[in-house]
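Visitor: What follows is a structure written as structure tokens; I'll ask about it next.
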Amino acid sequence: MIATKSLLIKLAKKFPKKIAKKHHDYVGLMVGNLPINISKILVCLDLDEEVLPYVKQYQPDIIFTHHPFIYGSKKQVLKNDEKKQMLVDELEKLNVPVYSFHTNFDEGVDGMNDALIKALGCHNVYAPEEDQMMRIGYLGEEMNIYEFAKLAKRAFLVDYSLLIKGNDKLIKKIAIIGGGGSRSWKIAKDSGADIFISGDAPHHVRRDILTSHYNYLDMPHEIEKIFMPTMKKILLDIDFNLSVICIDHEKLPEVI
């Protein structure tokens with residue numbers, strides 16, 4: 001058991017809310033009241049109705065999510081989202097608060113993008129000044145782009161990705177932003193990265209990348225599931241007596 005205030009202060013030093021404010025993001029306490037102490041934590045990427053049975057079974061003191069449970073004005077969101085209102089009602093009955101870490105976790109040291117690039121086995125990792133959320137690092141050895149795409153799929157435990165092959169360079173220097181950071185591809189290119197990995201790239205962004213003869217690997221947003229084991233390790237490093245359960249309930253779309 002750890003005092004809630006002490007735990008949140010330690011997490012805030014690693015993932016300060018000022019980072020999220022810079023991105024006009026919504027983080028922190030989403031629903032409920034914080035307990036005095038915490039011993040059991042449930043961690044998930046997104047909190048939705050599929051997680052509720054686990055909440056009832058596990059009865060955590062708090063839920064940590066990556067994506068904000070309520071994105072925007074709470075009053076406005078709940079007015080327009082009956083499912084979310086139902087979830088809030090259930091959570092309040094169970095007296096389980098929800099706390100979210102989003103872009104502050106993505107950009108923070110040892111957070112999302114550090115975890116992702118380390119999963120690729122990269123070394124000499126750094127964040128470029130132009131985009132502190134991006135991570136750039138180097139593979140142990142260069143490889144052709146198709147070999148690298150397969151390596152990335154294995155590293156992130158996904159079945160598919162979308163490759164834009166803009167040139168024939170071997171891949172050694174990697175840039176990545178998990179989730180929907182495709183619009184930062186020019187920073188990756190100008191930094192000398194051989195390929196940029198992100199996701200949710202709209203058509204016109206993909207066209208710009210292709211016509212610029214650059215390499216881009218569009219990965220499913222779900223690679224951010226790495227939030228769960230990463231946050232669990234951070235929490236147990238703070239207090240190894242904590243009980244932390246990760247709920248991985250999200251499935252990739254089916255490829256037809």
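In the structure tokens, chains take letters A, B, ... by order of appearance, with residues numbered from 1 within each chain and ligands from 1 in the order shown.
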Enumerate as an MDAnalysis selection string all residues of region 6-180 of chain A assigned to strand (DSSP E or B) by DSSP on the backbone, naming them with the chain letters and numbers the document uses.

Guide: chainID A and resid 28:31 37:38 40:44 62:65 98:100 123:126 135:143 162:164 171:176

Visitor: With only C-alpha atoms as the counted atoms, please give the residues lying no more than 9 Å from region 166-179 of chain A, apart from itself and same-chain residues fewer than 5 positions off, as a JSON list (two decimals) with C-alpha atoms, in the first residue's frame.

Guide:
[["chain", "number", "residue", "atom", "x", "y", "z"],
["A", 106, "ASP", "CA", 3.93, 9.59, -24.77],
["A", 112, "MET", "CA", 5.41, 5.32, -24.55],
["A", 113, "ASN", "CA", 7.88, 6.24, -27.27],
["A", 116, "LEU", "CA", 8.40, 1.46, -28.42],
["A", 117, "ILE", "CA", 11.83, 2.24, -29.81],
["A", 122, "CYS", "CA", 17.48, 0.44, -30.92],
["A", 133, "MET", "CA", 7.52, 13.21, -28.46],
["A", 134, "MET", "CA", 9.51, 11.54, -31.25],
["A", 135, "ARG", "CA", 12.27, 9.07, -30.49],
["A", 136, "ILE", "CA", 15.17, 8.37, -32.83],
["A", 137, "GLY", "CA", 17.58, 5.48, -32.46],
["A", 138, "TYR", "CA", 19.79, 3.03, -34.30],
["A", 139, "LEU", "CA", 19.41, -0.67, -35.08],
["A", 140, "GLY", "CA", 22.28, -2.99, -34.25],
["A", 141, "GLU", "CA", 22.74, -3.68, -37.96],
["A", 142, "GLU", "CA", 21.22, -2.30, -41.14],
["A", 143, "MET", "CA", 18.62, -4.32, -43.04],
["A", 144, "ASN", "CA", 16.41, -4.00, -46.08],
["A", 145, "ILE", "CA", 13.06, -2.31, -45.60],
["A", 148, "PHE", "CA", 12.64, -4.25, -40.97],
["A", 184, "SER", "CA", 5.74, 14.66, -38.06],
["A", 185, "TRP", "CA", 7.33, 12.70, -40.91],
["A", 188, "ALA", "CA", 12.03, 12.38, -39.03],
["A", 189, "LYS", "CA", 13.28, 12.84, -42.60],
["A", 191, "SER", "CA", 16.79, 14.21, -38.79],
["A", 192, "GLY", "CA", 18.26, 11.67, -41.20],
["A", 193, "ALA", "CA", 16.11, 8.75, -40.11],
["A", 194, "ASP", "CA", 15.91, 6.06, -42.78],
["A", 195, "ILE", "CA", 12.28, 5.34, -41.91],
["A", 196, "PHE", "CA", 9.54, 6.86, -39.77],
["A", 197, "ILE", "CA", 7.02, 4.74, -37.87],
["A", 198, "SER", "CA", 3.68, 6.08, -36.69],
["A", 199, "GLY", "CA", -0.01, 5.47, -37.37],
["A", 200, "ASP", "CA", -3.39, 6.81, -38.47],
["A", 209, "ILE", "CA", 5.56, 11.04, -47.96],
["A", 210, "LEU", "CA", 5.52, 9.00, -51.17],
["A", 211, "THR", "CA", 6.20, 11.93, -53.47],
["A", 212, "SER", "CA", 9.09, 12.97, -51.19],
["A", 213, "HIS", "CA", 10.67, 9.53, -51.72],
["A", 214, "TYR", "CA", 10.72, 8.81, -48.01],
["A", 215, "ASN", "CA", 10.07, 5.57, -46.13],
["A", 216, "TYR", "CA", 7.13, 5.30, -43.74],
["A", 219, "MET", "CA", 1.39, 0.73, -37.63],
["A", 220, "PRO", "CA", -1.96, 0.09, -35.92],
["A", 221, "HIS", "CA", -2.73, 2.47, -33.07],
["A", 222, "GLU", "CA", -2.95, -0.62, -30.88],
["A", 223, "ILE", "CA", 0.85, -0.88, -30.65],
["A", 224, "GLU", "CA", 0.33, 1.56, -27.79]]

Visitor: Excluding region 71-76 of chain A and any residue of its chain fewer than 4 positions from it, enumerate the residues within 12 Å of it, using only C-alpha atoms, and give them as a ChimeraX atom specification.

Guide: /A:24-32,46,66-67,80-82,84-85,88,100-102

Visitor: Ranking A:His123, A:His204, A:Lys40, A:Lys93 by minimum distance to Ile62 (chain A) and counting only C-alpha atoms, which one comes first?

Guide: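 Under the stated criterion, the closest residue is A:Lys40.
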
Visitor: For Pro16 (chain A), which residue out of A:Glu90, A:Glu147, A:Asp48, A:Glu107 is the nearest one, using only C-alpha atoms?

Guide: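 Counting only C-alpha atoms, the residue closest to Pro16 (chain A) is A:Glu107.
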
Visitor: Using only C-alpha atoms, determine which residues lie at most 10 Å from region 42-45 of chain A, disregarding the query and same-chain residues fewer than 2 positions distant; provide the list as a PyMOL selection string.

Guide: chain A and resi 40+47-48+51+54-55+58-69+98-102+222+224-229+231-232+243-250

Visitor: Just how far from CA of Ile2 (chain A) is CA of Ser39 (chain A), in Å to one decimal?

Guide: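 Value for the CA of Ser39 (chain A)-CA of Ile2 (chain A) distance: 6.5 Å.
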
Visitor: Choose the residue, out of A:Glu130, A:Asp159, A:Asp89, A:Asp114, that has the smallest atom-to-atom separation from Leu52 (chain A); count only C-alpha atoms.

Guide: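 Ranking A:Glu130, A:Asp159, A:Asp89, A:Asp114 by distance to Leu52 (chain A), first place goes to A:Asp89.
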
Visitor: Between CA of Phe105 (chain A) and CA of Gln132 (chain A), what is the distance, to one decimal in Å?

Guide: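 Separating CA of Phe105 (chain A) from CA of Gln132 (chain A) is a distance of 11.8 Å.
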